[in-house]
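Have a look at start.txt; it's compact mmCIF, C-alpha atoms:
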# COMPACT_ATOMS: atom_id res chain seq x y z
CA MET A 185 -5.33 2.67 16.15
CA PRO A 186 -6.37 2.74 12.47
CA ASN A 187 -7.86 -0.43 11.05
CA PRO A 188 -5.31 -2.55 9.14
CA LYS A 189 -5.63 -2.54 5.39
CA PRO A 190 -7.59 -5.50 3.97
CA GLN A 191 -5.30 -8.19 2.57
CA ILE A 192 -5.29 -9.32 -1.07
CA GLY A 193 -3.30 -12.47 -1.67
CA ILE A 194 -1.01 -13.06 -4.63
CA LEU A 195 -0.48 -16.73 -5.32
CA PHE A 196 2.68 -17.13 -7.41
CA MET A 197 2.95 -20.54 -9.05
CA ALA A 198 5.62 -22.45 -10.94
CA TYR A 199 6.19 -26.02 -12.07
CA GLY A 200 8.42 -27.15 -9.22
CA GLY A 201 11.61 -29.15 -9.18
CA PRO A 202 13.64 -31.46 -6.94
CA ASP A 203 16.01 -29.96 -4.39
CA GLY A 204 18.33 -32.96 -4.66
CA LEU A 205 18.87 -36.18 -6.60
CA ASP A 206 17.20 -38.23 -3.85
CA GLU A 207 13.92 -36.38 -4.47
CA ILE A 208 13.73 -37.20 -8.19
CA PRO A 209 11.75 -40.50 -7.82
CA GLY A 210 9.03 -38.73 -5.82
CA TYR A 211 9.06 -35.74 -8.15
CA LEU A 212 8.60 -37.93 -11.23
CA SER A 213 5.91 -39.96 -9.47
CA ASP A 214 3.91 -36.78 -8.93
CA ILE A 215 4.35 -35.68 -12.56
CA ARG A 216 3.28 -39.17 -13.71
CA ALA A 217 0.24 -39.15 -11.37
CA GLY A 218 1.58 -42.07 -9.35
CA ARG A 219 2.45 -44.29 -12.31
CA THR A 220 5.72 -46.19 -11.94
CA THR A 221 8.65 -44.46 -13.61
CA PRO A 222 10.63 -46.87 -15.82
CA LYS A 223 14.19 -47.30 -14.57
CA LYS A 224 15.58 -46.07 -17.89
CA VAL A 225 13.66 -42.79 -17.56
CA LEU A 226 14.58 -42.40 -13.89
CA ASP A 227 18.27 -42.95 -14.67
CA GLU A 228 18.14 -40.48 -17.57
CA ILE A 229 16.43 -37.73 -15.58
CA THR A 230 18.77 -38.28 -12.64
CA ARG A 231 21.75 -37.96 -14.97
CA ASN A 232 20.33 -34.73 -16.44
CA TYR A 233 19.92 -33.17 -13.01
CA ARG A 234 23.37 -34.32 -11.95
CA LEU A 235 24.82 -32.53 -14.97
CA ILE A 236 23.14 -29.23 -14.00
CA GLY A 237 24.35 -29.41 -10.41
CA GLY A 238 22.11 -32.00 -8.75
CA SER A 239 18.98 -29.91 -8.20
CA SER A 240 16.63 -27.42 -9.83
CA PRO A 241 17.22 -23.69 -9.23
CA LEU A 242 13.56 -22.99 -9.97
CA LEU A 243 12.37 -22.52 -6.38
CA LYS A 244 15.18 -20.14 -5.46
CA LEU A 245 14.76 -18.11 -8.64
CA THR A 246 10.99 -17.97 -8.27
CA ILE A 247 11.36 -16.61 -4.73
CA GLU A 248 13.77 -13.97 -6.02
CA THR A 249 11.28 -12.96 -8.72
CA MET A 250 8.41 -12.89 -6.22
CA ASP A 251 10.38 -10.75 -3.76
CA ALA A 252 11.30 -8.29 -6.51
CA ILE A 253 7.66 -8.01 -7.60
CA MET A 254 6.47 -7.39 -4.05
CA LYS A 255 8.68 -4.31 -3.82
CA LEU A 256 6.56 -2.77 -6.58
CA VAL A 257 2.95 -3.79 -5.93
CA ASN A 258 2.26 -2.25 -2.52
CA LEU A 259 1.95 1.52 -2.80
CA PRO A 260 1.83 3.90 0.22
CA ASN A 261 -1.70 5.27 -0.30
CA GLN A 262 -3.22 2.00 -1.44
CA MET A 263 -6.47 0.99 0.28
CA ALA A 264 -5.51 -2.70 0.39
CA HIS A 265 -2.29 -4.61 0.98
CA PHE A 266 -0.97 -7.45 -1.17
CA LYS A 267 0.43 -10.50 0.62
CA PRO A 268 2.55 -13.01 -1.34
CA TYR A 269 2.25 -16.78 -1.36
CA LEU A 270 4.15 -19.38 -3.35
CA GLY A 271 2.96 -22.76 -4.58
CA MET A 272 4.50 -25.34 -6.90
CA ARG A 273 2.54 -27.69 -9.10
CA HIS A 274 4.72 -30.79 -8.73
CA TRP A 275 6.84 -30.26 -5.61
CA ALA A 276 7.02 -28.41 -2.33
CA PRO A 277 5.71 -25.93 -1.46
CA TRP A 278 2.61 -27.59 -2.91
CA ILE A 279 -0.12 -25.34 -4.31
CA GLU A 280 -2.83 -27.11 -2.30
CA GLU A 281 -0.98 -26.67 1.00
CA THR A 282 -0.26 -23.03 0.23
CA VAL A 283 -3.98 -22.47 -0.37
CA GLY A 284 -4.58 -24.03 3.07
CA GLN A 285 -2.17 -21.50 4.58
CA MET A 286 -3.99 -18.68 2.80
CA ILE A 287 -7.26 -19.86 4.33
CA ASP A 288 -5.67 -19.97 7.78
CA ASP A 289 -4.38 -16.42 7.26
CA GLY A 290 -7.89 -15.20 6.53
CA ILE A 291 -7.29 -14.33 2.88
CA LYS A 292 -10.62 -13.81 1.11
CA ARG A 293 -9.44 -12.50 -2.27
CA SER A 294 -6.37 -13.37 -4.29
CA VAL A 295 -4.78 -12.89 -7.68
CA SER A 296 -3.14 -16.01 -9.11
CA LEU A 297 -0.15 -15.89 -11.45
CA VAL A 298 1.68 -18.76 -13.12
CA LEU A 299 5.24 -18.06 -14.23
CA ALA A 300 4.48 -19.20 -17.77
CA PRO A 301 3.31 -16.70 -20.42
CA GLN A 302 1.12 -18.82 -22.70
CA TYR A 303 -2.18 -20.43 -21.72
CA SER A 304 -2.97 -24.10 -22.19
CA GLY A 305 -5.56 -26.41 -20.74
CA MET A 306 -2.64 -28.76 -20.07
CA SER A 307 -0.64 -26.17 -18.14
CA ILE A 308 -2.24 -23.04 -16.70
CA ALA A 309 -5.63 -24.68 -16.26
CA LYS A 310 -4.04 -27.49 -14.23
CA TYR A 311 -2.51 -24.99 -11.81
CA GLN A 312 -5.97 -23.55 -11.31
CA LYS A 313 -7.36 -27.03 -10.64
CA LYS A 314 -4.75 -27.40 -7.90
CA ILE A 315 -6.09 -24.20 -6.35
CA HIS A 316 -9.64 -25.59 -6.36
CA ALA A 317 -8.39 -28.88 -4.90
CA GLY A 318 -6.79 -26.94 -2.06
CA LEU A 319 -9.97 -24.98 -1.39
CA ASN A 320 -11.99 -28.19 -1.30
CA PHE A 321 -9.54 -30.09 0.89
CA TYR A 322 -9.17 -27.32 3.46
CA ARG A 323 -12.85 -26.36 3.23
CA GLY A 324 -12.24 -22.70 2.62
CA GLU A 325 -13.49 -19.94 0.36
CA ILE A 326 -11.16 -17.55 -1.45
CA ASP A 327 -12.23 -15.51 -4.44
CA PHE A 328 -9.42 -16.03 -6.95
CA SER A 329 -8.90 -13.81 -9.98
CA HIS A 330 -6.62 -15.65 -12.41
CA ILE A 331 -4.14 -14.03 -14.78
CA GLN A 332 -4.77 -16.43 -17.65
CA SER A 333 -2.06 -15.35 -20.07
CA TYR A 334 0.40 -12.55 -20.72
CA HIS A 335 1.97 -13.93 -23.89
CA ASP A 336 1.51 -10.68 -25.82
CA ASP A 337 2.05 -8.14 -23.06
CA PRO A 338 4.33 -5.34 -24.28
CA GLY A 339 6.55 -5.63 -21.21
CA LEU A 340 7.15 -9.34 -21.72
CA ILE A 341 7.84 -8.74 -25.41
CA GLU A 342 10.32 -5.97 -24.58
CA ALA A 343 12.13 -8.20 -22.07
CA PHE A 344 12.52 -11.03 -24.61
CA ALA A 345 13.49 -8.61 -27.39
CA HIS A 346 16.27 -7.35 -25.12
CA ARG A 347 17.45 -10.95 -24.82
CA VAL A 348 17.62 -11.14 -28.62
CA GLN A 349 19.85 -8.07 -28.65
CA ILE A 350 22.09 -9.57 -25.96
CA GLY A 351 22.45 -12.65 -28.15
CA LEU A 352 23.24 -10.65 -31.28
CA GLU A 353 25.91 -8.66 -29.43
CA ARG A 354 27.80 -11.91 -28.83
CA PHE A 355 28.49 -12.03 -32.57
CA SER A 356 30.66 -9.63 -34.51
CA VAL A 357 29.02 -6.98 -36.67
CA GLU A 358 30.09 -8.95 -39.74
CA GLU A 359 28.52 -12.17 -38.41
CA ARG A 360 25.16 -10.73 -37.39
CA PRO A 361 23.47 -10.83 -40.82
CA SER A 362 24.00 -14.63 -40.84
CA VAL A 363 22.59 -15.18 -37.33
CA HIS A 364 19.26 -17.03 -37.06
CA VAL A 365 17.07 -16.72 -33.96
CA ILE A 366 15.13 -19.78 -32.79
CA PHE A 367 12.16 -19.14 -30.52
CA SER A 368 11.04 -22.22 -28.61
CA ALA A 369 8.38 -23.33 -26.15
CA HIS A 370 7.69 -26.53 -24.24
CA SER A 371 6.15 -29.16 -26.49
CA LEU A 372 2.68 -30.50 -25.71
CA PRO A 373 0.76 -33.43 -27.25
CA VAL A 374 -0.46 -32.82 -30.81
CA ARG A 375 -4.04 -33.56 -29.73
CA ILE A 376 -4.31 -30.07 -28.22
CA VAL A 377 -4.59 -28.69 -31.78
CA LYS A 378 -7.84 -30.64 -32.36
CA GLU A 379 -9.01 -29.47 -28.95
CA LYS A 380 -8.50 -25.87 -30.15
CA ASP A 381 -6.16 -25.18 -27.26
CA PRO A 382 -4.73 -21.63 -27.69
CA TYR A 383 -1.19 -22.60 -26.68
CA PRO A 384 0.40 -23.07 -30.13
CA ILE A 385 -1.15 -19.86 -31.44
CA GLN A 386 -0.12 -17.85 -28.38
CA PHE A 387 3.44 -19.21 -28.58
CA LYS A 388 3.79 -18.15 -32.21
CA GLU A 389 2.23 -14.76 -31.44
CA THR A 390 4.83 -14.22 -28.72
CA ALA A 391 7.64 -15.16 -31.12
CA ALA A 392 6.37 -12.89 -33.90
CA LEU A 393 5.97 -9.92 -31.56
CA VAL A 394 9.45 -10.38 -30.10
CA ALA A 395 10.96 -10.69 -33.58
CA ASP A 396 9.20 -7.50 -34.67
CA VAL A 397 10.33 -5.46 -31.65
CA ALA A 398 13.86 -6.85 -31.99
CA GLY A 399 13.91 -5.74 -35.64
CA LEU A 400 14.42 -9.20 -37.13
CA ALA A 401 13.63 -9.81 -40.80
CA THR A 402 11.20 -12.62 -41.57
CA ASP A 403 14.01 -14.93 -42.68
CA GLN A 404 16.09 -14.24 -39.55
CA TRP A 405 13.90 -16.18 -37.14
CA SER A 406 11.70 -19.25 -36.79
CA THR A 407 9.98 -21.37 -34.14
CA CYS A 408 10.22 -24.90 -32.81
CA TYR A 409 9.38 -26.88 -29.69
CA GLN A 410 11.53 -28.53 -27.06
CA SER A 411 11.47 -30.88 -24.08
CA GLU A 412 8.72 -33.20 -25.35
CA GLY A 413 7.32 -35.71 -22.89
CA ARG A 414 8.17 -39.39 -22.72
CA SER A 415 4.90 -40.88 -23.94
CA PRO A 416 3.98 -42.75 -27.13
CA GLU A 417 1.54 -40.14 -28.44
CA PRO A 418 2.80 -37.56 -30.96
CA TRP A 419 4.07 -34.23 -29.61
CA LEU A 420 4.25 -30.81 -31.21
CA GLY A 421 7.41 -30.30 -33.23
CA PRO A 422 9.89 -29.99 -34.67
CA GLN A 423 12.01 -30.59 -31.57
CA LEU A 424 14.92 -28.24 -31.02
CA GLU A 425 17.64 -30.89 -31.46
CA ASP A 426 16.15 -32.04 -34.78
CA TYR A 427 15.53 -28.48 -35.93
CA LEU A 428 19.17 -27.54 -35.43
CA VAL A 429 20.11 -30.29 -37.87
CA GLU A 430 17.59 -28.91 -40.39
CA LEU A 431 19.10 -25.45 -40.09
CA ALA A 432 22.62 -26.80 -40.46
CA ASP A 433 21.54 -28.57 -43.66
CA GLN A 434 20.31 -25.17 -44.90
CA GLY A 435 23.76 -23.68 -44.29
CA ILE A 436 22.85 -21.82 -41.09
CA HIS A 437 25.63 -22.06 -38.51
CA ASN A 438 25.13 -19.06 -36.20
CA VAL A 439 22.08 -19.46 -33.97
CA ILE A 440 20.53 -17.74 -30.95
CA SER A 441 18.14 -19.71 -28.73
CA ILE A 442 15.34 -17.67 -27.13
CA PRO A 443 12.94 -19.98 -25.21
CA VAL A 444 9.92 -17.66 -25.02
CA GLY A 445 7.80 -20.36 -23.40
CA PHE A 446 10.00 -20.18 -20.30
CA VAL A 447 10.75 -17.27 -17.99
CA CYS A 448 13.03 -18.96 -15.48
CA ASP A 449 15.98 -21.35 -15.44
CA HIS A 450 15.01 -25.00 -14.97
CA VAL A 451 16.16 -28.34 -16.34
CA GLU A 452 14.51 -27.59 -19.71
CA ILE A 453 16.86 -24.66 -20.10
CA LEU A 454 20.01 -25.75 -18.28
CA TYR A 455 20.07 -29.28 -19.69
CA ASP A 456 17.81 -29.42 -22.76
CA ILE A 457 19.32 -26.30 -24.33
CA ASP A 458 22.66 -25.67 -22.63
CA ILE A 459 23.84 -29.29 -22.76
CA GLU A 460 21.75 -31.40 -25.14
CA ALA A 461 21.10 -28.81 -27.87
CA GLN A 462 24.64 -27.48 -27.53
CA ALA A 463 26.01 -30.97 -28.18
CA VAL A 464 23.98 -31.19 -31.40
CA ALA A 465 25.15 -27.73 -32.45
CA LYS A 466 28.79 -28.62 -31.94
CA LYS A 467 28.37 -31.86 -33.86
CA TYR A 468 27.11 -29.89 -36.87
CA ASN A 469 29.68 -27.11 -36.59
CA MET A 470 27.12 -24.59 -35.34
CA ARG A 471 27.54 -21.80 -32.83
CA LEU A 472 24.56 -21.74 -30.48
CA GLU A 473 24.17 -18.80 -28.09
CA ARG A 474 21.51 -18.63 -25.37
CA PRO A 475 21.18 -15.30 -23.53
CA PRO A 476 20.26 -15.47 -19.82
CA SER A 477 16.70 -16.39 -18.86
CA LEU A 478 14.42 -13.59 -17.67
CA ASN A 479 14.34 -14.79 -14.05
CA SER A 480 14.11 -11.53 -12.03
CA ASP A 481 14.91 -9.24 -14.97
CA PRO A 482 13.76 -5.70 -14.02
CA ILE A 483 11.61 -5.27 -17.15
CA PHE A 484 9.92 -8.62 -16.54
CA VAL A 485 9.41 -7.95 -12.83
CA LYS A 486 7.87 -4.54 -13.54
CA THR A 487 5.58 -6.17 -16.11
CA LEU A 488 4.27 -8.80 -13.69
CA ALA A 489 3.77 -6.22 -10.95
CA ARG A 490 1.68 -4.13 -13.33
CA LEU A 491 -0.36 -7.17 -14.42
CA ILE A 492 -1.08 -8.11 -10.81
CA ARG A 493 -2.30 -4.64 -9.94
CA LYS A 494 -4.36 -4.51 -13.15
CA GLN A 495 -5.99 -7.84 -12.26
CA ALA A 496 -6.92 -6.61 -8.81
CA VAL A 497 -8.38 -3.41 -10.26
CA SER A 498 -10.44 -5.34 -12.84
CA ALA A 499 -11.78 -7.53 -10.02
CA GLN A 500 -12.79 -4.28 -8.26
CA TRP A 501 -10.60 -5.06 -5.26
CA LEU A 502 -8.26 -2.14 -5.76
CA ASN A 503 -8.64 1.44 -6.90
CA GLU A 504 -5.92 3.09 -8.97
What would you get if you wrote out this structure as structure tokens?
Amino acid sequence: MPNPKPQIGILFMAYGGPDGLDEIPGYLSDIRAGRTTPKKVLDEITRNYRLIGGSSPLLKLTIETMDAIMKLVNLPNQMAHFKPYLGMRHWAPWIEETVGQMIDDGIKRSVSLVLAPQYSGMSIAKYQKKIHAGLNFYRGEIDFSHIQSYHDDPGLIEAFAHRVQIGLERFSVEERPSVHVIFSAHSLPVRIVKEKDPYPIQFKETAALVADVAGLATDQWSTCYQSEGRSPEPWLGPQLEDYLVELADQGIHNVISIPVGFVCDHVEILYDIDIEAQAVAKKYNMRLERPPSLNSDPIFVKTLARLIRKQAVSAQWLNE
């Protein structure tokens, strides 16, 4: 019998989310590194999840995206075979435990991919630290090649630009000149600017590229942040809810929300935009449209499959 093809792992990673309301205390405890969650915060987060159906769809949607990607990465004449793994940063399946499974499976080389386009030391780097923690805990060796960022990849830009067009088509031809597109990303503490973290720059590069491909004029779009953390230190802004008020004061009442810092539905989309931001918009007589998240969008899936193969080639694990 011919020798089996050598295996290259693909570790897909996402933030994680509770599968039910009863898991929220443990989920928040992990996010807060074991610090006690104030009852007010716990009650608020529980209410938010209850309003979006009682759980996060992130795990299910991430699996769908992963499965779609895997249909594209393994080619018939390829000298190696990709094997998928899934790990979450703050909930099961935990990244560290998934790394342990990879060690048990004999994986020696793996690409890692976080389902978040922009790099930050407070986001992508922390996923990679989880990988190292898993390797240390399970006493294994896997050569990981990390996809650090894909914030400016043409495929990602095309996928988001298509979302802009979907949003514009929800308005009449007469209304479209008055429509303003808001690009948003998850807020992070202001201190990352002094630390020269690339996240704010990459976010704005993504927004500008999407606006250009979508054919938006410079006064038809702008950026803001959303979903800031509950800590006393200052966070990057303006926040989406406050920014909507600013736009309303400027006479803008038709708005499209394109959260380019997110690729998949989670509480930051389903509650922070679809419920909280929508409530602000209605209060100020605004129409706020949010096209569907990328999730397993074919353009996005094809983009990630290409990036994974490219990463394996650059690591000299795969020949094209």
| request: Quick one: everything within 10 Å of Thr230 of chain A, counting only C-alpha atoms, minus sequence neighbours fewer than 4 positions away in the same chain. Send it as a PyMOL selection string. | output: chain A and resi 204-209+224-226+234-235+238-239
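Taking atom CA of Ser368 of chain A and atom CA of Ile308 of chain A as endpoints, the distance between them is 17.9 Å.
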| message | Restricting the calculation to only C-alpha atoms: of A:Phe367, A:Tyr455, A:Trp501, A:Phe196, which residue gets closest to Met263 of chain A? | response | A:Trp501
| message | What does the structure give for the distance between atom CA of Phe446 of chain A and atom CA of Gln349 of chain A, in Å to one decimal? | response | 17.7 Å
| request: Would you work out the distance separating atom CA of Arg273 of chain A from atom CA of Tyr311 of chain A, expressed in Å to one decimal? | output: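 These two atoms are separated by 6.3 Å.
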Go through segment 359-451 of chain A residue by residue and, counting only C-alpha atoms, keep those with an atom at most 10 Å from segment 285-302 of chain A; for each kept residue give the shortest atom pair and its distance in Å to one decimal, ordered by chain and increasing number, as CSV.
residue,atom,partner,partner_atom,distance
A:Ala369,CA,A:Gln302,CA,9.2
A:Pro382,CA,A:Gln302,CA,8.2
A:Tyr383,CA,A:Gln302,CA,6.0
A:Pro384,CA,A:Gln302,CA,8.6
A:Ile385,CA,A:Gln302,CA,9.1
A:Gln386,CA,A:Gln302,CA,5.9
A:Phe387,CA,A:Gln302,CA,6.3
A:Lys388,CA,A:Gln302,CA,9.9
A:Glu389,CA,A:Gln302,CA,9.7
A:Thr390,CA,A:Gln302,CA,8.4
A:Val444,CA,A:Pro301,CA,8.1
A:Gly445,CA,A:Pro301,CA,6.5
A:Phe446,CA,A:Ala300,CA,6.2
A:Val447,CA,A:Ala300,CA,6.6
A:Cys448,CA,A:Leu299,CA,7.9
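The smallest atom-to-atom distance between Gly339 of chain A and any of A:Lys467, A:Ile457, A:Leu393, A:Val374, using all atoms listed in the file, is found for A:Leu393.
Nearest to Leu502 of chain A of all the residues A:Leu340, A:Pro190, A:Ile442, A:Ile331 is A:Pro190, based on only C-alpha atoms.
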| What would the list of residues within 12 Å of (10.8, -6.0, -15.2) (file frame) look like as a PyMOL selection string, if all atoms listed in the file are what count? | chain A and resi 249-250+252-253+255-256+337-344+346+447+478-491
Selected residues written out with C-alpha atoms, as a CSV table (one decimal), in the coordinates of the input:
chain,number,residue,atom,x,y,z
A,249,THR,CA,11.3,-13.0,-8.7
A,250,MET,CA,8.4,-12.9,-6.2
A,252,ALA,CA,11.3,-8.3,-6.5
A,253,ILE,CA,7.7,-8.0,-7.6
A,255,LYS,CA,8.7,-4.3,-3.8
A,256,LEU,CA,6.6,-2.8,-6.6
A,337,ASP,CA,2.0,-8.1,-23.1
A,338,PRO,CA,4.3,-5.3,-24.3
A,339,GLY,CA,6.6,-5.6,-21.2
A,340,LEU,CA,7.2,-9.3,-21.7
A,341,ILE,CA,7.8,-8.7,-25.4
A,342,GLU,CA,10.3,-6.0,-24.6
A,343,ALA,CA,12.1,-8.2,-22.1
A,344,PHE,CA,12.5,-11.0,-24.6
A,346,HIS,CA,16.3,-7.4,-25.1
A,447,VAL,CA,10.8,-17.3,-18.0
A,478,LEU,CA,14.4,-13.6,-17.7
A,479,ASN,CA,14.3,-14.8,-14.0
A,480,SER,CA,14.1,-11.5,-12.0
A,481,ASP,CA,14.9,-9.2,-15.0
A,482,PRO,CA,13.8,-5.7,-14.0
A,483,ILE,CA,11.6,-5.3,-17.2
A,484,PHE,CA,9.9,-8.6,-16.5
A,485,VAL,CA,9.4,-8.0,-12.8
A,486,LYS,CA,7.9,-4.5,-13.5
A,487,THR,CA,5.6,-6.2,-16.1
A,488,LEU,CA,4.3,-8.8,-13.7
A,489,ALA,CA,3.8,-6.2,-11.0
A,490,ARG,CA,1.7,-4.1,-13.3
A,491,LEU,CA,-0.4,-7.2,-14.4
| message | Can you pull out the residues contacting segment 404-417 of chain A? Cut-off 10 Å, using all atoms listed in the file, and skip same-chain residues under 3 positions away; I want them as a PyMOL selection string. | response | chain A and resi 225+360-375+384+387-388+391-392+395+399-401+420-428+439-445+451-453+455-457+461
Kindly export the residues of the current selection with C-alpha atoms, as a PDB file, keeping the file's coordinate frame.
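Okay, result00.pdb is ready:
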ATOM      1  CA  VAL A 225      13.660 -42.790 -17.560  1.00  0.00           C
ATOM      2  CA  ARG A 360      25.160 -10.730 -37.390  1.00  0.00           C
ATOM      3  CA  PRO A 361      23.470 -10.830 -40.820  1.00  0.00           C
ATOM      4  CA  SER A 362      24.000 -14.630 -40.840  1.00  0.00           C
ATOM      5  CA  VAL A 363      22.590 -15.180 -37.330  1.00  0.00           C
ATOM      6  CA  HIS A 364      19.260 -17.030 -37.060  1.00  0.00           C
ATOM      7  CA  VAL A 365      17.070 -16.720 -33.960  1.00  0.00           C
ATOM      8  CA  ILE A 366      15.130 -19.780 -32.790  1.00  0.00           C
ATOM      9  CA  PHE A 367      12.160 -19.140 -30.520  1.00  0.00           C
ATOM     10  CA  SER A 368      11.040 -22.220 -28.610  1.00  0.00           C
ATOM     11  CA  ALA A 369       8.380 -23.330 -26.150  1.00  0.00           C
ATOM     12  CA  HIS A 370       7.690 -26.530 -24.240  1.00  0.00           C
ATOM     13  CA  SER A 371       6.150 -29.160 -26.490  1.00  0.00           C
ATOM     14  CA  LEU A 372       2.680 -30.500 -25.710  1.00  0.00           C
ATOM     15  CA  PRO A 373       0.760 -33.430 -27.250  1.00  0.00           C
ATOM     16  CA  VAL A 374      -0.460 -32.820 -30.810  1.00  0.00           C
ATOM     17  CA  ARG A 375      -4.040 -33.560 -29.730  1.00  0.00           C
ATOM     18  CA  PRO A 384       0.400 -23.070 -30.130  1.00  0.00           C
ATOM     19  CA  PHE A 387       3.440 -19.210 -28.580  1.00  0.00           C
ATOM     20  CA  LYS A 388       3.790 -18.150 -32.210  1.00  0.00           C
ATOM     21  CA  ALA A 391       7.640 -15.160 -31.120  1.00  0.00           C
ATOM     22  CA  ALA A 392       6.370 -12.890 -33.900  1.00  0.00           C
ATOM     23  CA  ALA A 395      10.960 -10.690 -33.580  1.00  0.00           C
ATOM     24  CA  GLY A 399      13.910  -5.740 -35.640  1.00  0.00           C
ATOM     25  CA  LEU A 400      14.420  -9.200 -37.130  1.00  0.00           C
ATOM     26  CA  ALA A 401      13.630  -9.810 -40.800  1.00  0.00           C
ATOM     27  CA  LEU A 420       4.250 -30.810 -31.210  1.00  0.00           C
ATOM     28  CA  GLY A 421       7.410 -30.300 -33.230  1.00  0.00           C
ATOM     29  CA  PRO A 422       9.890 -29.990 -34.670  1.00  0.00           C
ATOM     30  CA  GLN A 423      12.010 -30.590 -31.570  1.00  0.00           C
ATOM     31  CA  LEU A 424      14.920 -28.240 -31.020  1.00  0.00           C
ATOM     32  CA  GLU A 425      17.640 -30.890 -31.460  1.00  0.00           C
ATOM     33  CA  ASP A 426      16.150 -32.040 -34.780  1.00  0.00           C
ATOM     34  CA  TYR A 427      15.530 -28.480 -35.930  1.00  0.00           C
ATOM     35  CA  LEU A 428      19.170 -27.540 -35.430  1.00  0.00           C
ATOM     36  CA  VAL A 439      22.080 -19.460 -33.970  1.00  0.00           C
ATOM     37  CA  ILE A 440      20.530 -17.740 -30.950  1.00  0.00           C
ATOM     38  CA  SER A 441      18.140 -19.710 -28.730  1.00  0.00           C
ATOM     39  CA  ILE A 442      15.340 -17.670 -27.130  1.00  0.00           C
ATOM     40  CA  PRO A 443      12.940 -19.980 -25.210  1.00  0.00           C
ATOM     41  CA  VAL A 444       9.920 -17.660 -25.020  1.00  0.00           C
ATOM     42  CA  GLY A 445       7.800 -20.360 -23.400  1.00  0.00           C
ATOM     43  CA  VAL A 451      16.160 -28.340 -16.340  1.00  0.00           C
ATOM     44  CA  GLU A 452      14.510 -27.590 -19.710  1.00  0.00           C
ATOM     45  CA  ILE A 453      16.860 -24.660 -20.100  1.00  0.00           C
ATOM     46  CA  TYR A 455      20.070 -29.280 -19.690  1.00  0.00           C
ATOM     47  CA  ASP A 456      17.810 -29.420 -22.760  1.00  0.00           C
ATOM     48  CA  ILE A 457      19.320 -26.300 -24.330  1.00  0.00           C
ATOM     49  CA  ALA A 461      21.100 -28.810 -27.870  1.00  0.00           C
TER      50      ALA A 461
END
| Counting all atoms listed in the file, which of A:Asn438, A:Gln262, A:Thr402, A:Ser477 gets nearest to Ile192 of chain A? |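 Looking at the shortest contact to Ile192 of chain A, the residue is A:Gln262.
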| Shell around Pro241 of chain A at 12 Å using only C-alpha atoms, local window under 4 positions removed, as a PyMOL selection string | chain A and resi 198-204+233+236-237+245-248+448-454+479
Hey, can you spit out that residue selection with C-alpha atoms as a short mmCIF file (atom, residue, chain, number, x, y, z; two decimals), keeping the file's coordinate frame?
data_model
loop_
_atom_site.label_atom_id
_atom_site.label_comp_id
_atom_site.auth_asym_id
_atom_site.auth_seq_id
_atom_site.Cartn_x
_atom_site.Cartn_y
_atom_site.Cartn_z
CA ALA A 198 5.62 -22.45 -10.94
CA TYR A 199 6.19 -26.02 -12.07
CA GLY A 200 8.42 -27.15 -9.22
CA GLY A 201 11.61 -29.15 -9.18
CA PRO A 202 13.64 -31.46 -6.94
CA ASP A 203 16.01 -29.96 -4.39
CA GLY A 204 18.33 -32.96 -4.66
CA TYR A 233 19.92 -33.17 -13.01
CA ILE A 236 23.14 -29.23 -14.00
CA GLY A 237 24.35 -29.41 -10.41
CA LEU A 245 14.76 -18.11 -8.64
CA THR A 246 10.99 -17.97 -8.27
CA ILE A 247 11.36 -16.61 -4.73
CA GLU A 248 13.77 -13.97 -6.02
CA CYS A 448 13.03 -18.96 -15.48
CA ASP A 449 15.98 -21.35 -15.44
CA HIS A 450 15.01 -25.00 -14.97
CA VAL A 451 16.16 -28.34 -16.34
CA GLU A 452 14.51 -27.59 -19.71
CA ILE A 453 16.86 -24.66 -20.10
CA LEU A 454 20.01 -25.75 -18.28
CA ASN A 479 14.34 -14.79 -14.05
#
| field | Residue nearest Val283 of chain A among A:Gln312, A:Asn258, A:Gln434, A:Ser304 (counting all atoms listed in the file) | value |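 The shortest atom-to-atom distance to Val283 of chain A comes from A:Gln312.
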| remark: Ser498 of chain A proximity check over A:Trp419, A:Ser329, A:Ala398, A:Pro476, using all atoms listed in the file: winner is A:Ser329
| said: At a cut-off of 9 Å, using all atoms listed in the file, what residues contact Glu281 of chain A? Leave out same-chain residues fewer than 3 positions from it and give the result as JSON, numbers by chain. | reply: {"A": [271, 276, 277, 278, 284, 285, 286, 318, 322]}
With C-alpha atoms retained, export the selected residues as a compact mmCIF listing (two decimals), in the coordinates of the input.
# COMPACT_ATOMS: atom_id res chain seq x y z
CA GLY A 271 2.96 -22.76 -4.58
CA ALA A 276 7.02 -28.41 -2.33
CA PRO A 277 5.71 -25.93 -1.46
CA TRP A 278 2.61 -27.59 -2.91
CA GLY A 284 -4.58 -24.03 3.07
CA GLN A 285 -2.17 -21.50 4.58
CA MET A 286 -3.99 -18.68 2.80
CA GLY A 318 -6.79 -26.94 -2.06
CA TYR A 322 -9.17 -27.32 3.46
